[in-house]
$ cat target-v6.csv   # CSV, C-alpha atoms (C1' of nucleotides)
chain,number,residue,atom,x,y,z
M,275,MET,CA,0.0,0.0,0.0
M,276,THR,CA,3.0,2.2,0.2
M,277,GLN,CA,4.4,3.7,-3.0
M,278,PRO,CA,7.0,6.3,-3.7
M,279,ALA,CA,6.1,9.6,-5.2
M,280,ARG,CA,6.3,9.6,-8.9
M,281,PRO,CA,9.5,11.3,-10.0
M,282,GLY,CA,9.2,14.0,-12.6
M,283,VAL,CA,5.7,15.0,-11.8
M,284,ARG,CA,6.8,17.4,-9.1
M,285,SER,CA,4.9,20.6,-9.1
M,286,GLY,CA,6.7,23.7,-8.0
M,287,GLU,CA,5.1,23.6,-4.5
M,288,GLN,CA,4.7,21.1,-1.7
M,289,LEU,CA,1.7,19.5,-3.4
M,290,LEU,CA,3.1,16.0,-3.8
M,291,PHE,CA,0.5,14.7,-1.5
M,292,LEU,CA,-2.1,15.5,-4.1
M,293,THR,CA,-0.7,13.4,-6.9
M,294,ASP,CA,-2.9,10.9,-8.6
M,295,ASP,CA,-1.0,8.1,-6.9
M,296,GLN,CA,-1.6,9.5,-3.4
M,297,LEU,CA,-5.3,10.0,-4.2
M,298,ARG,CA,-5.7,6.6,-5.6
M,299,GLN,CA,-4.0,5.1,-2.6
M,300,GLY,CA,-6.4,7.0,-0.3
M,301,ILE,CA,-9.3,5.7,-2.2
M,302,GLU,CA,-8.2,2.2,-2.0
M,303,LEU,CA,-7.4,2.5,1.7
M,304,MET,CA,-11.0,3.7,2.3
M,305,PHE,CA,-12.3,0.6,0.6
M,306,PHE,CA,-10.1,-2.0,2.3
M,307,ALA,CA,-10.2,-0.3,5.7
M,308,TYR,CA,-13.9,0.0,5.7
M,309,ARG,CA,-14.4,-3.6,4.8
M,310,ASP,CA,-12.3,-4.9,7.7
M,311,PHE,CA,-13.6,-2.2,10.0
M,312,THR,CA,-17.1,-3.7,9.7
M,313,ALA,CA,-16.0,-7.3,9.7
M,314,ASP,CA,-15.9,-7.9,13.5
M,315,PRO,CA,-19.3,-6.6,14.3
M,316,ASP,CA,-20.7,-8.4,11.3
M,317,ARG,CA,-19.6,-11.7,12.7
M,318,ILE,CA,-21.3,-10.9,16.1
M,319,LEU,CA,-24.4,-9.7,14.4
M,320,ASP,CA,-24.7,-12.8,12.3
M,321,ALA,CA,-24.5,-15.0,15.4
M,322,HIS,CA,-27.5,-13.0,16.8
M,323,GLY,CA,-29.5,-13.1,13.6
M,324,TYR,CA,-29.0,-9.4,12.8
M,325,GLY,CA,-27.3,-7.4,10.1
M,326,ARG,CA,-25.3,-4.2,9.8
M,327,ALA,CA,-28.4,-2.1,9.6
M,328,HIS,CA,-29.4,-3.2,13.1
M,329,HIS,CA,-26.0,-2.3,14.4
M,330,ARG,CA,-26.4,1.3,13.2
M,331,VAL,CA,-29.7,1.6,15.0
M,332,LEU,CA,-28.3,0.2,18.2
M,333,HIS,CA,-25.3,2.5,17.9
M,334,PHE,CA,-27.1,5.7,17.4
M,335,VAL,CA,-29.9,4.9,19.9
M,336,ASN,CA,-27.3,4.2,22.5
M,337,ARG,CA,-25.5,7.3,21.5
M,338,ARG,CA,-28.5,9.5,21.9
M,339,PRO,CA,-31.1,7.9,24.1
M,340,GLY,CA,-34.6,9.3,23.5
M,341,LEU,CA,-33.8,10.1,19.9
M,342,THR,CA,-36.9,10.3,17.7
M,343,VAL,CA,-37.5,8.2,14.6
M,344,ASN,CA,-37.2,11.3,12.4
M,345,GLU,CA,-33.8,12.2,13.9
M,346,LEU,CA,-32.6,8.7,13.4
M,347,LEU,CA,-33.8,8.8,9.8
M,348,ALA,CA,-31.8,12.0,9.3
M,349,ILE,CA,-28.7,10.5,10.7
M,350,LEU,CA,-28.9,7.3,8.7
M,351,ALA,CA,-30.1,8.8,5.5
M,352,VAL,CA,-32.3,5.9,4.5
M,353,THR,CA,-36.0,5.7,3.8
M,354,LYS,CA,-38.4,5.2,6.7
M,355,GLN,CA,-39.5,1.9,5.2
M,356,SER,CA,-35.9,0.7,5.2
M,357,LEU,CA,-35.4,1.8,8.8
M,358,ASN,CA,-38.7,0.5,9.9
M,359,ARG,CA,-37.9,-3.0,8.8
M,360,VAL,CA,-35.0,-3.2,11.2
M,361,LEU,CA,-36.3,-1.0,13.9
M,362,ARG,CA,-39.5,-3.1,14.2
M,363,LEU,CA,-37.6,-6.3,14.7
M,364,LEU,CA,-35.4,-4.7,17.4
M,365,VAL,CA,-38.5,-3.4,19.2
M,366,GLU,CA,-40.2,-6.8,18.8
M,367,ASP,CA,-37.2,-8.6,20.1
M,368,GLY,CA,-37.0,-6.2,23.1
M,369,LEU,CA,-33.7,-4.5,22.3
M,370,VAL,CA,-35.1,-1.1,21.6
M,371,ALA,CA,-37.9,0.6,23.5
M,372,SER,CA,-40.2,3.0,21.6
M,373,ARG,CA,-42.2,5.4,23.8
M,374,VAL,CA,-44.7,8.0,22.9
M,375,GLY,CA,-43.1,11.5,23.2
M,376,ARG,CA,-44.3,13.7,26.0
M,377,ARG,CA,-44.1,17.1,24.4
M,378,ASP,CA,-45.2,15.8,21.0
M,379,ARG,CA,-47.2,12.6,21.2
M,380,ARG,CA,-46.8,11.9,17.5
M,381,GLN,CA,-43.1,11.3,18.1
M,382,ARG,CA,-41.5,8.1,19.4
M,383,ASN,CA,-38.5,8.3,21.7
M,384,LEU,CA,-36.2,5.4,21.2
M,385,THR,CA,-34.0,3.9,23.9
M,386,LEU,CA,-32.1,0.7,24.4
M,387,THR,CA,-33.3,-1.9,26.8
M,388,GLU,CA,-31.0,-3.8,29.0
M,389,THR,CA,-30.7,-6.5,26.4
M,390,GLY,CA,-30.1,-3.9,23.7
M,391,ARG,CA,-27.4,-2.3,25.7
M,392,ALA,CA,-25.7,-5.6,26.2
M,393,LEU,CA,-25.6,-6.3,22.4
M,394,GLU,CA,-24.5,-2.8,21.6
M,395,ALA,CA,-21.7,-3.1,24.2
M,396,GLU,CA,-20.6,-6.3,22.6
M,397,LEU,CA,-20.5,-4.8,19.1
M,398,SER,CA,-18.9,-1.6,20.3
M,399,ALA,CA,-16.2,-3.5,22.1
M,400,ALA,CA,-15.2,-5.4,19.0
M,401,GLN,CA,-15.1,-2.3,16.8
M,402,GLN,CA,-13.4,-0.2,19.5
M,403,ALA,CA,-10.7,-2.9,19.9
M,404,ARG,CA,-9.7,-2.7,16.3
M,405,MET,CA,-9.8,1.1,16.3
M,406,ARG,CA,-7.8,1.2,19.5
M,407,ARG,CA,-5.1,-1.0,18.0
M,408,ALA,CA,-5.0,1.1,14.9
M,409,PHE,CA,-4.8,4.4,16.9
M,410,SER,CA,-2.3,3.0,19.2
M,411,ALA,CA,0.0,1.8,16.4
M,412,ALA,CA,-0.3,5.0,14.4
M,413,GLY,CA,0.1,7.4,17.3
M,414,PRO,CA,-1.8,10.6,18.4
M,415,GLU,CA,-0.7,12.8,15.6
M,416,ALA,CA,-1.7,10.3,13.0
M,417,VAL,CA,-5.1,10.0,14.7
M,418,GLN,CA,-5.5,13.7,14.5
M,419,GLY,CA,-4.8,13.7,10.8
M,420,PHE,CA,-7.1,10.7,10.3
M,421,ARG,CA,-9.9,12.6,11.8
M,422,GLN,CA,-9.2,15.8,9.9
M,423,VAL,CA,-9.3,14.0,6.5
M,424,LEU,CA,-12.4,12.0,7.3
M,425,GLU,CA,-14.2,15.1,8.4
M,426,GLN,CA,-13.4,16.8,5.1
M,427,ILE,CA,-14.6,13.8,3.1
M,428,ILE,CA,-18.0,14.2,4.6
M,429,ASP,CA,-20.4,16.6,2.8
M,430,PRO,CA,-20.5,19.9,4.6
M,431,GLU,CA,-24.3,19.9,5.0
M,432,MET,CA,-24.2,16.4,6.4
M,433,ARG,CA,-21.4,17.5,8.8
M,434,GLY,CA,-23.6,20.3,10.1
M,435,ARG,CA,-26.6,18.0,10.4
M,436,ILE,CA,-24.6,15.4,12.3
M,437,ASP,CA,-23.3,18.0,14.7
M,438,ARG,CA,-26.8,19.2,15.3
M,439,LEU,CA,-28.2,15.8,15.8
M,440,LEU,CA,-25.4,14.2,17.8
M,441,GLU,CA,-23.6,16.9,19.7
M,442,ARG,CA,-25.7,19.8,20.7
M,443,ARG,CA,-28.8,18.6,22.5
M,444,GLU,CA,-31.4,21.1,23.4
S,20,MET,CA,-18.2,15.7,15.5
S,21,THR,CA,-15.8,17.3,17.9
S,22,GLN,CA,-16.0,16.6,21.6
S,23,PRO,CA,-13.8,17.5,24.5
S,24,ALA,CA,-12.0,14.7,26.3
S,25,ARG,CA,-13.9,13.5,29.4
S,26,PRO,CA,-12.4,14.9,32.5
S,27,GLY,CA,-11.4,12.5,35.3
S,28,VAL,CA,-10.7,9.6,33.0
S,29,ARG,CA,-7.1,10.7,32.5
S,30,SER,CA,-4.5,7.9,32.5
S,31,GLY,CA,-1.1,8.8,33.8
S,32,GLU,CA,0.3,9.0,30.3
S,33,GLN,CA,-0.5,10.7,27.0
S,34,LEU,CA,-3.1,8.2,26.0
S,35,LEU,CA,-6.0,10.7,25.8
S,36,PHE,CA,-6.4,9.9,22.1
S,37,LEU,CA,-7.4,6.4,23.1
S,38,THR,CA,-10.5,7.4,25.2
S,39,ASP,CA,-13.8,5.8,24.5
S,40,ASP,CA,-15.0,9.2,23.1
S,41,GLN,CA,-12.1,9.4,20.7
S,42,LEU,CA,-12.6,5.8,19.5
S,43,ARG,CA,-16.4,6.3,19.1
S,44,GLN,CA,-15.7,9.4,17.1
S,45,GLY,CA,-13.3,7.5,14.9
S,46,ILE,CA,-15.9,4.8,14.4
S,47,GLU,CA,-18.7,7.3,13.4
S,48,LEU,CA,-16.3,9.2,11.1
S,49,MET,CA,-15.7,6.0,9.2
S,50,PHE,CA,-19.4,5.4,8.8
S,51,PHE,CA,-20.2,8.9,7.6
S,52,ALA,CA,-17.1,9.5,5.5
S,53,TYR,CA,-17.4,6.1,3.7
S,54,ARG,CA,-21.0,6.9,2.9
S,55,ASP,CA,-20.3,10.2,1.3
S,56,PHE,CA,-17.1,8.9,-0.3
S,57,THR,CA,-19.1,6.4,-2.3
S,58,ALA,CA,-22.0,8.8,-3.1
S,59,ASP,CA,-20.5,10.5,-6.2
S,60,PRO,CA,-19.5,7.4,-8.1
S,61,ASP,CA,-22.8,5.8,-7.1
S,62,ARG,CA,-24.7,8.5,-8.9
S,63,ILE,CA,-22.7,8.1,-12.1
S,64,LEU,CA,-23.0,4.3,-12.0
S,65,ASP,CA,-26.7,4.6,-11.6
S,66,ALA,CA,-27.0,6.7,-14.7
S,67,HIS,CA,-25.1,4.0,-16.6
S,68,GLY,CA,-27.1,1.1,-15.2
S,69,TYR,CA,-24.3,-0.2,-13.0
S,70,GLY,CA,-23.7,-0.6,-9.3
S,71,ARG,CA,-20.9,-0.3,-6.8
S,72,ALA,CA,-19.7,-3.8,-7.5
S,73,HIS,CA,-19.1,-2.9,-11.1
S,74,HIS,CA,-17.1,0.1,-10.0
S,75,ARG,CA,-14.7,-2.1,-8.0
S,76,VAL,CA,-14.1,-4.3,-11.0
S,77,LEU,CA,-13.4,-1.4,-13.2
S,78,HIS,CA,-11.1,0.2,-10.6
S,79,PHE,CA,-8.9,-2.8,-10.0
S,80,VAL,CA,-8.8,-4.0,-13.6
S,81,ASN,CA,-7.7,-0.5,-14.6
S,82,ARG,CA,-5.2,-0.6,-11.7
S,83,ARG,CA,-3.6,-3.8,-12.8
S,84,PRO,CA,-4.4,-4.6,-16.4
S,85,GLY,CA,-4.0,-8.2,-17.3
S,86,LEU,CA,-5.1,-9.3,-13.8
S,87,THR,CA,-6.6,-12.8,-13.6
S,88,VAL,CA,-10.0,-13.6,-12.2
S,89,ASN,CA,-8.5,-15.4,-9.3
S,90,GLU,CA,-6.4,-12.4,-8.4
S,91,LEU,CA,-9.4,-10.1,-8.6
S,92,LEU,CA,-11.3,-12.5,-6.4
S,93,ALA,CA,-8.6,-12.3,-3.8
S,94,ILE,CA,-8.6,-8.6,-3.8
S,95,LEU,CA,-12.4,-8.2,-3.6
S,96,ALA,CA,-12.9,-11.1,-1.2
S,97,VAL,CA,-16.2,-12.1,-2.6
S,98,THR,CA,-17.4,-15.4,-4.1
S,99,LYS,CA,-16.7,-16.1,-7.7
S,100,GLN,CA,-20.5,-16.4,-8.3
S,101,SER,CA,-20.9,-12.8,-7.0
S,102,LEU,CA,-18.0,-11.5,-9.1
S,103,ASN,CA,-19.0,-13.4,-12.1
S,104,ARG,CA,-22.4,-11.8,-12.2
S,105,VAL,CA,-21.0,-8.3,-12.5
S,106,LEU,CA,-17.9,-9.3,-14.6
S,107,ARG,CA,-20.0,-11.1,-17.1
S,108,LEU,CA,-22.1,-8.0,-17.7
S,109,LEU,CA,-19.1,-5.8,-18.1
S,110,VAL,CA,-17.6,-8.2,-20.6
S,111,GLU,CA,-20.9,-8.4,-22.5
S,112,ASP,CA,-21.2,-4.7,-22.5
S,113,GLY,CA,-17.7,-4.4,-23.9
S,114,LEU,CA,-16.2,-2.5,-21.0
S,115,VAL,CA,-13.9,-5.3,-19.9
S,116,ALA,CA,-11.9,-7.7,-22.2
S,117,SER,CA,-11.3,-11.2,-21.0
S,118,ARG,CA,-8.4,-12.9,-22.8
S,119,VAL,CA,-7.1,-16.4,-22.5
S,120,GLY,CA,-3.7,-16.4,-20.6
S,121,ARG,CA,-0.6,-17.1,-22.6
S,122,ARG,CA,1.4,-19.0,-20.0
S,123,ASP,CA,-1.6,-20.7,-18.4
S,124,ARG,CA,-4.5,-21.0,-20.8
S,125,ARG,CA,-6.9,-21.7,-18.0
S,126,GLN,CA,-6.5,-18.2,-16.8
S,127,ARG,CA,-8.3,-15.1,-18.1
S,128,ASN,CA,-6.4,-11.9,-18.3
S,129,LEU,CA,-8.7,-8.9,-17.7
S,130,THR,CA,-8.2,-5.5,-19.3
S,131,LEU,CA,-10.4,-2.4,-19.8
S,132,THR,CA,-11.6,-1.6,-23.3
S,133,GLU,CA,-11.6,2.0,-24.5
S,134,THR,CA,-15.2,2.3,-23.3
S,135,GLY,CA,-14.3,0.7,-20.0
S,136,ARG,CA,-11.4,3.1,-19.5
S,137,ALA,CA,-13.8,6.0,-20.2
S,138,LEU,CA,-16.2,5.1,-17.5
S,139,GLU,CA,-13.5,4.2,-15.1
S,140,ALA,CA,-12.0,7.7,-15.7
S,141,GLU,CA,-15.3,9.3,-15.1
S,142,LEU,CA,-15.8,7.5,-11.8
S,143,SER,CA,-12.3,8.0,-10.7
S,144,ALA,CA,-12.4,11.7,-11.4
S,145,ALA,CA,-15.4,12.1,-9.2
S,146,GLN,CA,-13.9,10.2,-6.3
S,147,GLN,CA,-10.5,11.8,-6.7
S,148,ALA,CA,-12.1,15.3,-6.7
S,149,ARG,CA,-13.6,14.6,-3.3
S,150,MET,CA,-10.4,13.1,-2.0
S,151,ARG,CA,-8.4,16.0,-3.3
S,152,ARG,CA,-10.6,18.6,-1.7
S,153,ALA,CA,-10.3,16.7,1.6
S,154,PHE,CA,-6.5,16.2,1.4
S,155,SER,CA,-6.1,19.8,0.4
S,156,ALA,CA,-8.1,21.1,3.3
S,157,ALA,CA,-6.5,18.9,5.8
S,158,GLY,CA,-2.9,19.3,4.7
S,159,PRO,CA,0.0,16.9,4.0
S,160,GLU,CA,0.6,15.9,7.6
S,161,ALA,CA,-3.0,15.1,8.2
S,162,VAL,CA,-3.0,13.0,5.0
S,163,GLN,CA,0.0,11.1,6.3
S,164,GLY,CA,-1.9,10.3,9.6
S,165,PHE,CA,-5.0,9.4,7.6
S,166,ARG,CA,-3.1,6.8,5.7
S,167,GLN,CA,-1.3,5.4,8.7
S,168,VAL,CA,-4.5,4.8,10.7
S,169,LEU,CA,-6.4,3.3,7.7
S,170,GLU,CA,-3.5,0.9,7.1
S,171,GLN,CA,-3.6,-0.2,10.6
S,172,ILE,CA,-7.3,-0.8,10.5
S,173,ILE,CA,-6.8,-3.3,7.7
S,174,ASP,CA,-6.2,-6.9,8.7
S,175,PRO,CA,-2.4,-7.6,8.6
S,176,GLU,CA,-2.9,-10.7,6.3
S,177,MET,CA,-5.1,-8.7,4.0
S,178,ARG,CA,-2.5,-5.9,4.0
S,179,GLY,CA,0.2,-8.4,2.8
S,180,ARG,CA,-2.1,-9.9,0.2
S,181,ILE,CA,-3.0,-6.5,-1.2
S,182,ASP,CA,0.7,-5.5,-1.4
S,183,ARG,CA,1.4,-8.8,-3.2
S,184,LEU,CA,-1.4,-8.4,-5.7
S,185,LEU,CA,-1.3,-4.6,-6.3
S,186,GLU,CA,2.2,-3.5,-5.8
S,187,ARG,CA,4.8,-6.0,-6.7
S,188,ARG,CA,4.2,-7.4,-10.2
S,189,GLU,CA,6.3,-10.4,-11.3
R,169,DC,C1',-0.3,-41.0,-20.7
R,170,DT,C1',-3.4,-40.7,-17.3
R,171,DT,C1',-5.3,-38.6,-13.6
R,172,DG,C1',-5.9,-35.2,-10.0
R,173,DG,C1',-6.5,-30.6,-9.1
R,174,DA,C1',-6.7,-25.7,-10.4
R,175,DA,C1',-9.1,-21.9,-13.1
R,176,DA,C1',-13.1,-20.3,-14.8
R,177,DG,C1',-17.9,-20.3,-15.6
R,178,DT,C1',-22.8,-21.3,-14.7
R,179,DC,C1',-27.5,-22.5,-12.6
R,180,DA,C1',-30.6,-22.1,-8.8
R,181,DA,C1',-32.1,-20.4,-4.6
R,182,DC,C1',-31.9,-17.5,-0.8
R,183,DA,C1',-31.0,-13.2,2.4
R,184,DA,C1',-30.0,-8.5,3.6
R,185,DG,C1',-31.0,-4.1,2.9
R,186,DG,C1',-31.5,-0.5,-0.1
R,187,DC,C1',-35.5,1.7,-3.1
R,188,DT,C1',-40.4,3.6,-4.8
R,189,DG,C1',-45.3,4.2,-4.4
R,190,DA,C1',-49.5,4.1,-2.0
R,191,DC,C1',-52.1,4.5,2.1
R,192,DA,C1',-53.5,4.9,7.1
R,193,DT,C1',-53.7,6.9,11.7
R,194,DA,C1',-52.9,10.1,15.3
R,195,DA,C1',-51.8,14.4,16.8
R,196,DA,C1',-50.1,19.0,16.2
R,197,DA,C1',-50.5,23.4,13.9
R,198,DT,C1',-52.8,26.8,11.3
T,168,DA,C1',-62.1,22.8,10.4
T,169,DT,C1',-58.4,21.8,7.7
T,170,DT,C1',-53.8,20.9,6.7
T,171,DT,C1',-49.5,19.2,7.8
T,172,DT,C1',-46.3,16.3,10.4
T,173,DA,C1',-44.7,11.9,12.5
T,174,DT,C1',-45.0,7.4,12.3
T,175,DG,C1',-46.1,2.9,10.5
T,176,DT,C1',-47.3,-0.5,7.0
T,177,DC,C1',-48.1,-3.2,2.6
T,178,DA,C1',-46.3,-4.7,-1.8
T,179,DG,C1',-42.9,-5.1,-5.0
T,180,DC,C1',-38.4,-4.3,-7.1
T,181,DC,C1',-33.2,-4.2,-7.4
T,182,DT,C1',-28.3,-5.0,-6.2
T,183,DT,C1',-25.1,-7.7,-4.2
T,184,DG,C1',-23.8,-10.8,-1.1
T,185,DT,C1',-24.2,-16.0,0.2
T,186,DT,C1',-24.3,-21.7,-0.4
T,187,DG,C1',-24.3,-25.7,-3.1
T,188,DA,C1',-23.8,-28.4,-7.2
T,189,DC,C1',-21.8,-29.2,-11.5
T,190,DT,C1',-19.1,-28.5,-16.1
T,191,DT,C1',-15.3,-27.6,-19.1
T,192,DT,C1',-10.7,-26.7,-19.9
T,193,DC,C1',-6.2,-27.3,-19.0
T,194,DC,C1',-1.8,-27.8,-16.3
T,195,DA,C1',1.2,-30.8,-13.8
T,196,DA,C1',2.6,-34.7,-11.3
T,197,DG,C1',2.7,-39.5,-11.0
$ encode --input "target-v6.csv" --output "structure tokens"
Amino acid sequence: MTQPARPGVRSGEQLLFLTDDQLRQGIELMFFAYRDFTADPDRILDAHGYGRAHHRVLHFVNRRPGLTVNELLAILAVTKQSLNRVLRLLVEDGLVASRVGRRDRRQRNLTLTETGRALEAELSAAQQARMRRAFSAAGPEAVQGFRQVLEQIIDPEMRGRIDRLLERRE
Amino acid sequence: MTQPARPGVRSGEQLLFLTDDQLRQGIELMFFAYRDFTADPDRILDAHGYGRAHHRVLHFVNRRPGLTVNELLAILAVTKQSLNRVLRLLVEDGLVASRVGRRDRRQRNLTLTETGRALEAELSAAQQARMRRAFSAAGPEAVQGFRQVLEQIIDPEMRGRIDRLLERRE
DNA sequence: CTTGGAAAGTCAACAAGGCTGACATAAAAT
DNA sequence: ATTTTATGTCAGCCTTGTTGACTTTCCAAG
């Protein structure tokens, strides 16, 4: 995965990190890393009869307990039909609780049950273990760069929406 | 996406970048960034009647012209039935050429046709544009860290296999 | 030279998880 | 009183992954 800069294609400035080779390498790294990044939770999910979509719901409901369906839809950016299919199963199976909103009774506030928290913790542990090893091996400065680049890859509007939905809570 | 380190959970050393919050943030960034990262080519592919799986084939065949089916299978890590479905269409449509190997006539050497190269270039341009903007905004040192962390996320065996298949050519 | 195994291709069936479109109900907002 | 919003649901389609079974071609080792 490591390749020397192409000789002779040197621009006048320090822009060697923007060569086609570097960009291609970044693109391929995203593909391979994302695949392995999802592999550990996928195995666990499979053993429990769930899929990656269920993982996402568990993650974000755990992340923001009391989240509404609409907020979850905005985060996941899928159709409500698609979300509903996995959410319904999680509610039926007793991993997610769906309660009528107090202020707005049309809304449903989602939380994890004890069982849901347990599975979420198991999935999270696996994913965090891989991330921790990677962070650890790469070092704090690399982690800083990793975050900066990934943030920039995200659409600006989506960046704002995520901040609104996940960070600042009214 | 930015959150302060939790107070009180400070280990004696400089391991603050390994806190649960930092790991969780890294995990979420992978999810959001990968999604937007694939969005541009997905739109183009859709307009041409292809999917993400076709993109991967075009990418790696372009990357290593003459690649065999087995090598491609090893890179993509899918079943041959799954690969064959998309590969067959690309060959039928005249984007990929499949030629009997010279040394080993059981093998098929895959290359892009002119049409295939054109679509690959279009897809690549879109993906590179996003990556270039991100790299540019984050700067060369961040890019270095980005690469280091992603490399570490990949399974070591897969890392070796990729190097063998994509870098060193006999 | 024969035979075993490797490379490629194919058929069938299934599952996950996206999508669209059409509707239904309850509750809030106007 | 009416319209809009939040949620849920049915039905059907598509892509892309899976397993399992089987064939053809061809290399390589006995």
$ interface_residues --input "target-v6.csv" --of "chain M" --to "chain R" --cutoff "10 Å" --atoms "only C-alpha atoms (C1' of nucleotides)" --output "PDB file with C-alpha atoms, in the frame of the given file"
ATOM      1  CA  TYR M 324     -29.000  -9.400  12.800  1.00  0.00           C
ATOM      2  CA  GLY M 325     -27.300  -7.400  10.100  1.00  0.00           C
ATOM      3  CA  ARG M 326     -25.300  -4.200   9.800  1.00  0.00           C
ATOM      4  CA  ALA M 327     -28.400  -2.100   9.600  1.00  0.00           C
ATOM      5  CA  VAL M 352     -32.300   5.900   4.500  1.00  0.00           C
ATOM      6  CA  THR M 353     -36.000   5.700   3.800  1.00  0.00           C
ATOM      7  CA  GLN M 355     -39.500   1.900   5.200  1.00  0.00           C
ATOM      8  CA  SER M 356     -35.900   0.700   5.200  1.00  0.00           C
ATOM      9  CA  LEU M 357     -35.400   1.800   8.800  1.00  0.00           C
ATOM     10  CA  ARG M 359     -37.900  -3.000   8.800  1.00  0.00           C
ATOM     11  CA  VAL M 360     -35.000  -3.200  11.200  1.00  0.00           C
ATOM     12  CA  ASP M 378     -45.200  15.800  21.000  1.00  0.00           C
ATOM     13  CA  ARG M 379     -47.200  12.600  21.200  1.00  0.00           C
ATOM     14  CA  ARG M 380     -46.800  11.900  17.500  1.00  0.00           C
ATOM     15  CA  GLN M 381     -43.100  11.300  18.100  1.00  0.00           C
TER      16      GLN M 381
END
$ residues_around --input "target-v6.csv" --residues "Phe36 (chain S)" --least-positions-apart "6" --cutoff "10 Å" --atoms "all atoms listed in the file" --output "MDAnalysis selection string"
(chainID M and resid 406 409:410 413:415 417:418) or (chainID S and resid 24 42)
$ residues_around --input "target-v6.csv" --residues "Phe420 (chain M)" --least-positions-apart "5" --cutoff "12 Å" --atoms "all atoms listed in the file" --output "number ranges by chain"
M: 300, 303-304, 405, 408-409, 412-415, 425-427; S: 36, 41-42, 44-46, 48-49, 52, 153-154, 157-172
$ closest_residue --input "target-v6.csv" --among "S:Glu176, S:Asp65, S:Phe51, S:Arg43" --to "chain T" --atoms "all atoms listed in the file"
S:Asp65
$ residues_around --input "target-v6.csv" --residues "region 335-344 of chain M" --least-positions-apart "6" --cutoff "12 Å" --atoms "only C-alpha atoms (C1' of nucleotides)" --output "PyMOL selection string"
(chain M and resi 328-329+350-355+357-358+361-362+364-365+369-395+397-398+436+438-444) or (chain S and resi 40+43-44+47) or (chain T and resi 172-175)
$ interface_residues --input "target-v6.csv" --of "chain T" --to "chain S" --cutoff "10 Å" --atoms "only C-alpha atoms (C1' of nucleotides)" --output "JSON, numbers by chain"
{"T": [182, 183, 184, 185, 192, 193, 194]}
$ closest_residue --input "target-v6.csv" --among "S:Ile173, S:Arg180, S:Phe50, S:Leu34" --to "chain M" --atoms "all atoms listed in the file"
S:Ile173
$ atom_distance --input "target-v6.csv" --atom1 "CA of Arg54 (chain S)" --atom2 "CA of Ala144 (chain S)"
17.4 Å
$ decode --input "target-v6.csv" --residues "region 173-182 of chain R" --atoms "N, CA, C and O atoms (P, O5', C5', C4', C3', O3' and C1' of nucleotides)" --output "compact mmCIF listing (two decimals), in the first residue's frame"
# COMPACT_ATOMS: atom_id res chain seq x y z
P DG R 173 -6.72 -34.47 -5.92
O5' DG R 173 -6.41 -32.95 -6.31
C5' DG R 173 -5.06 -32.58 -6.60
C4' DG R 173 -5.06 -31.29 -7.39
C3' DG R 173 -6.02 -30.22 -6.85
O3' DG R 173 -5.34 -28.98 -6.92
C1' DG R 173 -6.46 -30.59 -9.11
P DA R 174 -5.82 -27.80 -6.02
O5' DA R 174 -5.66 -26.60 -7.06
C5' DA R 174 -4.52 -26.56 -7.91
C4' DA R 174 -4.83 -25.68 -9.10
C3' DA R 174 -5.66 -24.45 -8.76
O3' DA R 174 -5.08 -23.37 -9.47
C1' DA R 174 -6.75 -25.70 -10.43
P DA R 175 -5.60 -21.90 -9.24
O5' DA R 175 -6.48 -21.65 -10.54
C5' DA R 175 -5.85 -21.52 -11.80
C4' DA R 175 -6.89 -21.12 -12.83
C3' DA R 175 -7.80 -19.98 -12.37
O3' DA R 175 -7.79 -18.98 -13.38
C1' DA R 175 -9.08 -21.85 -13.08
P DA R 176 -8.64 -17.66 -13.21
O5' DA R 176 -10.04 -18.06 -13.86
C5' DA R 176 -10.05 -18.47 -15.22
C4' DA R 176 -11.39 -19.01 -15.59
C3' DA R 176 -12.57 -18.07 -15.33
O3' DA R 176 -13.05 -17.62 -16.58
C1' DA R 176 -13.07 -20.33 -14.79
P DG R 177 -14.24 -16.60 -16.65
O5' DG R 177 -15.52 -17.54 -16.62
C5' DG R 177 -15.76 -18.40 -17.72
C4' DG R 177 -16.97 -19.24 -17.44
C3' DG R 177 -18.23 -18.45 -17.06
O3' DG R 177 -19.23 -18.75 -18.02
C1' DG R 177 -17.92 -20.29 -15.62
P DT R 178 -20.50 -17.86 -18.14
O5' DT R 178 -21.60 -18.82 -17.49
C5' DT R 178 -21.63 -20.19 -17.86
C4' DT R 178 -22.56 -20.92 -16.93
C3' DT R 178 -23.75 -20.08 -16.48
O3' DT R 178 -24.93 -20.67 -16.98
C1' DT R 178 -22.82 -21.32 -14.69
P DC R 179 -26.30 -19.95 -17.01
O5' DC R 179 -27.16 -20.83 -15.98
C5' DC R 179 -27.08 -22.27 -16.05
C4' DC R 179 -27.82 -22.87 -14.88
C3' DC R 179 -28.98 -22.01 -14.38
O3' DC R 179 -30.14 -22.80 -14.19
C1' DC R 179 -27.47 -22.46 -12.60
P DA R 180 -31.56 -22.10 -14.00
O5' DA R 180 -31.85 -22.45 -12.48
C5' DA R 180 -31.31 -23.64 -11.89
C4' DA R 180 -31.49 -23.58 -10.40
C3' DA R 180 -32.58 -22.61 -9.95
O3' DA R 180 -33.37 -23.23 -8.96
C1' DA R 180 -30.57 -22.12 -8.84
P DA R 181 -34.77 -22.59 -8.54
O5' DA R 181 -34.49 -22.24 -7.01
C5' DA R 181 -33.70 -23.13 -6.23
C4' DA R 181 -33.23 -22.41 -4.99
C3' DA R 181 -34.25 -21.38 -4.47
O3' DA R 181 -34.46 -21.62 -3.10
C1' DA R 181 -32.09 -20.45 -4.61
P DC R 182 -35.66 -20.91 -2.33
O5' DC R 182 -34.87 -19.92 -1.36
C5' DC R 182 -33.84 -20.46 -0.53
C4' DC R 182 -32.95 -19.36 -0.06
C3' DC R 182 -33.70 -18.17 0.55
O3' DC R 182 -33.42 -18.13 1.94
C1' DC R 182 -31.88 -17.48 -0.82
